[in-house]
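Okay, structure first, notes after.
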Amino acid sequence: MNLINEKAIEAYVKNTTLKQMLIIPAILLILSLSILAYTTYRTGAPFQLGLEFKGGTAAYFDSEKTPDQLKEEFKAFNVAETRQYGGGQRKIIQFGPMDASLKDELIAKLKAEFTNVEIRDMGEQFSKSLQVQAVRAIIISFFLMAIVVFITFRTFVPSGAVLVSAFADIAFAGAMMDVFGILLSLGTVAALLMLIGYSVDTDILLTTRLLKRKGDLNDKIRDAMKTGLTMTTTTLGALVALFIVSSGLIGSFLLIDIIRDISIVLIFGLIADIVNTWMTNVGILRWYIERKSQKSEKKIEKPKKRRQAA
Amino acid sequence: MNDEAPFYKNWRVLLLVLIILGSIAAITVSYSNGQLRFGNNLKYGLDLDGGSWLQVQLQGAIVQVDADPGKIVQVEFARLLSDPSVKIEGTSAGSFTFTTSKQTTQKTIDSFGFGTSTISSATGGGTRVTLQTSKDFLIQKYLKDSLNADVKQIPSSPGRPSTFEIRKAVTEDSLNAILKPVDGKVVPPFKEGVTPETRDETKKRLEDKLNPIALKQITITPIGDNYLLIDLPGVSIEEARKLALTPGKFEIRIQVQGNETQHVLYGDQITGVGVPQKEHGDAWGVSFELGDDGANALRDAAIQYGAVTNPNAHYLSMYLDDNLVFNAPLAPDLAKNIQSVPVKNMVATTGTGDAGQEKAKELQLHLRAGALPVPVKEAGSGEVPAPLGQKFKEQVAIAGLIALILVAIVVALRYKQPNIVIPMLSTSFSEVIMILGFAVVFGLQLDLATIAGIIAVIGTGVDHLIIITDEVLAGGALPPDKVYRSRISKAFAIIFAAAATVIVAMLPLILFMDSSALGGFAEITIAGVFIGVFIARPAYAVIIQGMLVESIDKTYIEED
C-alpha cells in the first residue's frame, strides 16, 4: 500500500488549469465567509461564545436523568441549557449568572445528588475582557505571521498567496465551528492561533521549493505535494487520535472539551489547508512563475531535468 | 567518501543524547534530605490532579485627583467639630489656617490626624487653628474619610495631578460626587485595579491565610493587575470559596465606657505575627508587630480614652469579622511605656496550660488572617474531583499513544525503510521527553491545555522531520557530503520559517491574554518548537545521513 499516489498527483499537476485550481477554493472561501457573515448578522458575533467568553456556570456530572428532567429540577437556578454527551451518563447543565449565595446552594445540591461533578464558573466582567483580548490576539497573531512570511519571501505575490490560503483555512475552520455548533472557547481560540502558525507550514514548503530550487516547475510541485501531503496526513492522524479520545462520543471516554475543541478546529483547518495549499497557492504561484519567466525569457536557462534515481 | 567520525560521535547527536538523559533524570530523580529518590517529578494541574480553583478580582481603582485643599480643611473640620461656620483664613504651601466658633484644644485637633497644629484663640471666642500639612495629604485624608477605605498616594508622572490608589470598589461617578463639595474631580483616565505592589501584597496575605489550611501547596498566580488565580489542590470548591472569599476583617477596638468601644486599627496595620510561645512564666502568648500608623493609632487611642492611666477600665478587644476573638487590658508596663512613645511590638497573652496554648494558636491565625489590603470579589471558580482528574490523565495518555501509533503507520507507509522510520519516530519521541524535562526544570505544570500543546508540537515536529527527509532524499539517493549540507540548509530554511510562524502566532496568548490555561499552552508550545528546531531536528539530520550512508552510498558511487 502506498500512502501517496504519485500518478494521481502527477496527473493533477499536469492537467489542472489555473481556473480549475482556483474554482473550488474560491467557492469554499465564499461559503465560509457567508456562513460567518450570516452568524454575525443573526447573533452579533461571528462565533457563538462559550462559557469562558460569556460568563456563567457550567456543571458536568454523571446522572441517569434526562436533560429535560434536569432542566425541570434546576429551574430555580437560571438554567440556560442542559445536554447529554454520547449515550452515557455524562450530563451538562449551563446556568446563567447568579449571585454568590444561590451559587453556594447550587454547588451543594449538585454535589449531594450526583457523582463526578465538575464545576466551572466564570464571572461576566472577566469573560467580557477575555473576549476582547481573544479577538485582539487572533488579529495580532495573523499580523505577526504575515510579517514573518514577508520577511521570508520578500516578494509580494508569493507572500500574498501564503496569506490568502492561511486566511481561507481559518475562515473555513471558523465556518465549520458555526455549522457544527462548536463554541468559541479557550480551546478553540488556542486552536485558531495554532492554525495561523500551523497552516502556513506547507505553504512555506511549497513556495520555498518552487522559488529556490532549480528544475521543472511541475516536477517541483509534484515533489512538494508528496512531502506536504505526508506532513498533513501525519498531523491529521495525531489530531484524530486526540479527538477520538476527548470527544466524549466514543466508548467510555469522557468529554475533555479543551482538547476536543483544539483537535476538531485544527482538523477542519488542516482539511481546508490541503485544498488551499495545493489548489489556491499552487495555482497562484504557478501563474506568477510562468508570467515571470515569460517576461525574462532570454535570461532563463533551459531547465535541467534533475537526475531521478527512483 | 565519508571520512568523518561516525554520526553518533557528532556533537549534535551527543548533545541530543545528553539532553534526553538530563530530561529523564529531571523527570524521575529528585534529591532531598541528602537522599536520591526515584519517582515522578511531573507536576500536574488541577484538572488532572483534582482540586478547585478560584479567581478573584482585587477591588480598587487608581485615579488622579485634583481638589481644593482649603475646601477640604473647611469641609472636614466643619464635620469633625460639628461647626458649619468653620472658615478658612489663609492658605500657603504646606500651611492652612482656619477659625471655628467652638472652643477646642490642640490635642483634639491632632487626634483627627491632619498634621501638626498650632492653636490660638480667635476674636469673638472661637479658636484659630493652623495646620502644617500638604495638599496631597489632605486629598488622601479626605478620600479615606469619605470612602471609609484605605487610600494610598502613589508617585505620578511629573506635571500630572497626584495619583491615589483607592482600595475599595468605586466608580468614576461616585468619586466625582464625593469630590464635588471640595471643588475636586477625577482627572481621566480612571483605571480600575490596584498597583502591582498591592496585588503582590494581597497575594502574599492570601497565601499566608490559605496555606495552613490546604493539605497541598496552593499556588496563586497574578492575572493582569486586577486578578489573582488561586489553585487549591485537594480542596473542594465550597471550602475554597469560603476560605478565600470571606474577607476576614480584623479590627482592634478600645473600650471607652461600659460596652461602648471605639475603633483603633484594622488588621492591615499588623505587619508581623510571631509563633505562640510561653511569655511570662507559664502564660502563653503571641507577639505581633504594628506598622508606624498602627502604633500611632494605638498610642493616640490609649491616651485619648485614658487606657494609659487606668488600663483595667479600657480593655483592648480584637475582632475578626465582628466576632470578638481576644480581649485584654494593656499590661501595666506597656501602658506606662506607650504614654511616652508609640509601641510597635507587643504580646497578646492568652493564659496558661493547654487551653492557653490552643487559644494562642487560634489567635495567631486570626492575627495573620487579618484583612487583605484590598477587598476581593469572586470572578470565577471551578472544581475537578480527583477521580475525574485521574480518568482525564489516563485518557490523555491513551490519546498520546494512539497519536503516536497513527503517526507511525503514516510514516511507515510513506517511507517503508526502517532506517528512516525508526530514527524519525525516535526523534519525535525524544522531543516529548525533552519537553517534559523542560516542564520539570522550569516548574511548568502539566494540565489538559499544555498536554494538547505538546501533542500539537509533536505534530509539527514530525512534519519537520519529513521535510528534512524528503529534502535529503530528493531523487531517492543520498548525495555527497557537500550537496547533503546544502540540502540540509535548504530544509532548515523552511523549518525555521515555519517554526517562526508558530512562535509568533502563539506570542499574543502570553502577551495579551489574561488566561493562565492559554498562557501555559503557548509557553509549552514555544518551548517545544525551540527544543525541536535547535536540538532534535539538527541531530536527526546527522543521524539520518549516518543511517543511510551504508545502504545507499555504494549505489551512488557506482552510478557516478
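We label chains A, B, ... in the order they appear in the C-alpha cells, count residues from 1 in each chain, and number ligands from 1 in the order shown.
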Who sits within 12 Å of stretch 319-334 of chain B, only C-alpha atoms, same chain under 5 positions skipped, as an MDAnalysis selection string: chainID B and resid 246:255 261 263:267 280 285:286 298:299 301:303 306:314 339:351 356 359:371
Once you have the residues from the selection above, write them out as a compact mmCIF listing (two decimals), in the first residue's frame, restricted to C-alpha atoms.
# COMPACT_ATOMS: atom_id res chain seq x y z
CA THR B 246 -14.65 35.64 53.39
CA PRO B 247 -12.52 38.67 53.86
CA GLY B 248 -11.52 38.11 57.47
CA LYS B 249 -11.78 41.70 58.60
CA PHE B 250 -9.62 42.04 61.66
CA GLU B 251 -10.07 45.01 63.94
CA ILE B 252 -8.73 46.22 67.27
CA ARG B 253 -11.11 48.35 69.32
CA ILE B 254 -10.72 50.05 72.66
CA GLN B 255 -13.28 50.16 75.45
CA THR B 261 -15.91 50.74 72.16
CA HIS B 263 -12.13 51.72 66.53
CA VAL B 264 -8.33 51.73 66.87
CA LEU B 265 -6.93 49.93 63.85
CA TYR B 266 -7.59 47.28 61.23
CA GLY B 267 -5.64 44.12 60.52
CA HIS B 280 5.70 35.42 81.38
CA GLY B 285 1.17 34.45 74.16
CA VAL B 286 1.53 35.60 70.59
CA LEU B 298 -2.95 52.69 69.33
CA ARG B 299 -1.00 55.25 71.30
CA ALA B 301 -6.42 55.91 71.40
CA ALA B 302 -4.80 54.72 74.64
CA ILE B 303 -4.04 58.31 75.63
CA GLY B 306 -7.32 57.04 79.39
CA ALA B 307 -6.12 53.46 78.97
CA VAL B 308 -2.61 54.57 79.89
CA THR B 309 -3.63 55.67 83.33
CA ASN B 310 -6.37 53.15 84.01
CA PRO B 311 -5.79 50.11 81.78
CA ASN B 312 -8.30 47.87 83.50
CA ALA B 313 -11.23 50.13 82.65
CA HIS B 314 -10.26 50.30 78.98
CA GLN B 339 2.43 57.22 77.10
CA SER B 340 5.83 58.46 76.01
CA VAL B 341 6.40 56.68 72.65
CA PRO B 342 4.37 54.68 70.14
CA VAL B 343 5.00 50.96 70.78
CA LYS B 344 5.27 48.67 67.78
CA ASN B 345 5.93 45.28 69.34
CA MET B 346 3.58 43.71 71.81
CA VAL B 347 2.35 40.36 73.04
CA ALA B 348 -1.20 39.17 73.45
CA THR B 349 -1.24 36.79 76.42
CA THR B 350 -3.85 34.04 76.29
CA GLY B 351 -3.48 32.12 79.52
CA GLY B 356 -3.88 28.90 76.75
CA LYS B 359 -6.08 29.99 72.28
CA ALA B 360 -2.67 31.33 71.33
CA LYS B 361 -2.61 29.19 68.20
CA GLU B 362 -6.04 30.38 67.21
CA LEU B 363 -5.20 33.99 67.85
CA GLN B 364 -2.08 33.65 65.74
CA LEU B 365 -4.23 32.51 62.83
CA HIS B 366 -6.63 35.37 63.39
CA LEU B 367 -3.86 37.93 63.53
CA ARG B 368 -2.29 36.52 60.40
CA ALA B 369 -5.55 36.20 58.55
CA GLY B 370 -6.24 39.84 59.12
CA ALA B 371 -7.97 41.83 56.43
Could the residues of chain B within 7 Å of chain A, counting only C-alpha atoms, be given as a ChimeraX atom specification, please? /B:379-385,388,395,399,402-404,406-407,410,413-414,448-449,452,459,463,466-467,470,475-477,494,497-498,500-502,504-506,508-509,512-514,518
Report as a count of residues only: the residues of stretch 60-300 of chain B with a DSSP assignment of helix (DSSP H, G or I), based on the backbone of this structure. 78
Residues within 9 Å of A:Glu64, please, as a tab-separated table (two decimals) with N, CA and C atoms, in the first residue's frame. Count only C-alpha atoms; anything in the same chain fewer than 4 positions from it doesn't count.
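Final file, result_23.tsv:
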chain	number	residue	atom	x	y	z
A	88	GLY	N	-23.87	8.06	27.10
A	88	GLY	CA	-23.59	7.72	28.50
A	88	GLY	C	-24.34	8.55	29.52
A	89	GLN	N	-23.83	8.52	30.72
A	89	GLN	CA	-24.48	9.21	31.83
A	89	GLN	C	-24.07	10.66	31.94
A	90	ARG	N	-23.02	11.01	31.22
A	90	ARG	CA	-22.45	12.35	31.41
A	90	ARG	C	-23.44	13.42	30.95
A	91	LYS	N	-23.75	14.34	31.84
A	91	LYS	CA	-24.69	15.42	31.52
A	91	LYS	C	-24.03	16.77	31.79
Rounded to one decimal place, report the atom CA of A:Ala80-atom CA of B:Ala517 distance in Å.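 So the answer is 25.1 Å.
Excluding A:Gly283 itself and any same-chain residue fewer than 4 positions from it, the protein and nucleic acid residues within 7 Å of it, counting only C-alpha atoms, are Leu18, Met21, Leu22, Met279 and Trp287 of chain A.
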Give the strand (DSSP E or B) residues of stretch 7-235 of chain A, as DSSP finds them on the backbone, and put them as a ChimeraX atom specification. /A:49,56-62,79-84,90-95,115-122,184
Would you export the selected residues with N, CA and C atoms as a CSV table (one decimal), in the first residue's frame, please?
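Wrote part-v8.csv, looks like this:
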chain,number,residue,atom,x,y,z
A,49,LEU,N,-20.5,32.3,21.5
A,49,LEU,CA,-19.5,32.4,22.6
A,49,LEU,C,-19.7,31.3,23.6
A,56,GLY,N,-20.9,32.8,33.4
A,56,GLY,CA,-22.0,31.9,33.8
A,56,GLY,C,-21.4,30.6,34.4
A,57,THR,N,-22.2,29.6,34.7
A,57,THR,CA,-21.7,28.5,35.4
A,57,THR,C,-22.1,27.2,34.6
A,58,ALA,N,-21.2,26.3,34.6
A,58,ALA,CA,-21.5,25.0,33.9
A,58,ALA,C,-21.1,23.9,34.9
A,59,ALA,N,-22.0,22.9,34.9
A,59,ALA,CA,-21.7,21.7,35.7
A,59,ALA,C,-21.7,20.4,34.9
A,60,TYR,N,-20.7,19.6,35.0
A,60,TYR,CA,-20.7,18.3,34.3
A,60,TYR,C,-20.7,17.2,35.4
A,61,PHE,N,-21.6,16.3,35.1
A,61,PHE,CA,-21.7,15.2,36.2
A,61,PHE,C,-22.4,13.9,35.6
A,62,ASP,N,-22.3,12.9,36.3
A,62,ASP,CA,-23.0,11.6,35.9
A,62,ASP,C,-24.4,11.6,36.5
A,79,VAL,N,-31.3,28.1,34.6
A,79,VAL,CA,-30.7,27.1,33.7
A,79,VAL,C,-30.8,27.7,32.2
A,80,ALA,N,-29.6,27.7,31.5
A,80,ALA,CA,-29.6,28.1,30.2
A,80,ALA,C,-29.8,27.0,29.2
A,81,GLU,N,-29.1,25.8,29.6
A,81,GLU,CA,-29.1,24.7,28.6
A,81,GLU,C,-28.8,23.4,29.4
A,82,THR,N,-29.4,22.3,29.0
A,82,THR,CA,-29.0,21.0,29.5
A,82,THR,C,-28.6,20.1,28.3
A,83,ARG,N,-27.6,19.4,28.5
A,83,ARG,CA,-27.1,18.5,27.4
A,83,ARG,C,-26.7,17.2,27.9
A,84,GLN,N,-26.6,16.2,26.9
A,84,GLN,CA,-26.1,14.9,27.3
A,84,GLN,C,-25.0,14.6,26.3
A,90,ARG,N,-23.0,11.0,31.2
A,90,ARG,CA,-22.5,12.3,31.4
A,90,ARG,C,-23.4,13.4,30.9
A,91,LYS,N,-23.7,14.3,31.8
A,91,LYS,CA,-24.7,15.4,31.5
A,91,LYS,C,-24.0,16.8,31.8
A,92,ILE,N,-24.5,17.8,31.1
A,92,ILE,CA,-24.0,19.1,31.3
A,92,ILE,C,-25.2,20.1,31.5
A,93,ILE,N,-25.1,20.9,32.5
A,93,ILE,CA,-26.1,21.9,32.7
A,93,ILE,C,-25.3,23.3,32.6
A,94,GLN,N,-25.8,24.2,31.8
A,94,GLN,CA,-25.3,25.5,31.8
A,94,GLN,C,-26.2,26.5,32.5
A,95,PHE,N,-25.7,27.3,33.3
A,95,PHE,CA,-26.5,28.3,34.1
A,95,PHE,C,-26.1,29.7,33.7
A,115,THR,N,-22.5,12.3,41.0
A,115,THR,CA,-21.1,11.9,41.2
A,115,THR,C,-20.3,12.5,40.1
A,116,ASN,N,-19.0,12.6,40.4
A,116,ASN,CA,-18.0,13.1,39.4
A,116,ASN,C,-18.4,14.5,38.9
A,117,VAL,N,-18.8,15.4,39.9
A,117,VAL,CA,-19.2,16.7,39.5
A,117,VAL,C,-18.1,17.6,39.2
A,118,GLU,N,-18.0,18.1,37.9
A,118,GLU,CA,-17.0,19.1,37.6
A,118,GLU,C,-17.8,20.4,37.4
A,119,ILE,N,-17.2,21.5,38.1
A,119,ILE,CA,-17.9,22.7,38.1
A,119,ILE,C,-17.0,23.8,37.5
A,120,ARG,N,-17.6,24.6,36.7
A,120,ARG,CA,-16.8,25.7,36.1
A,120,ARG,C,-17.6,27.0,36.1
A,121,ASP,N,-17.1,28.0,36.6
A,121,ASP,CA,-17.8,29.3,36.8
A,121,ASP,C,-17.0,30.5,36.4
A,122,MET,N,-17.5,31.3,35.5
A,122,MET,CA,-16.8,32.4,35.0
A,122,MET,C,-17.6,33.7,35.3
A,184,LEU,N,-17.0,29.3,20.7
A,184,LEU,CA,-15.7,29.9,20.9
A,184,LEU,C,-15.3,29.8,22.4
Distance in Å - atom CA of B:Asn41 versus atom CA of B:Ile535: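 Pair atom CA of B:Asn41 / atom CA of B:Ile535 returns 22.8 Å.
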Pick the closest to B:Leu81 from B:Thr127, B:Thr97, B:Thr133, B:Ser174: which is it, counting only C-alpha atoms?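 Smallest distance to B:Leu81 is found for B:Thr127.
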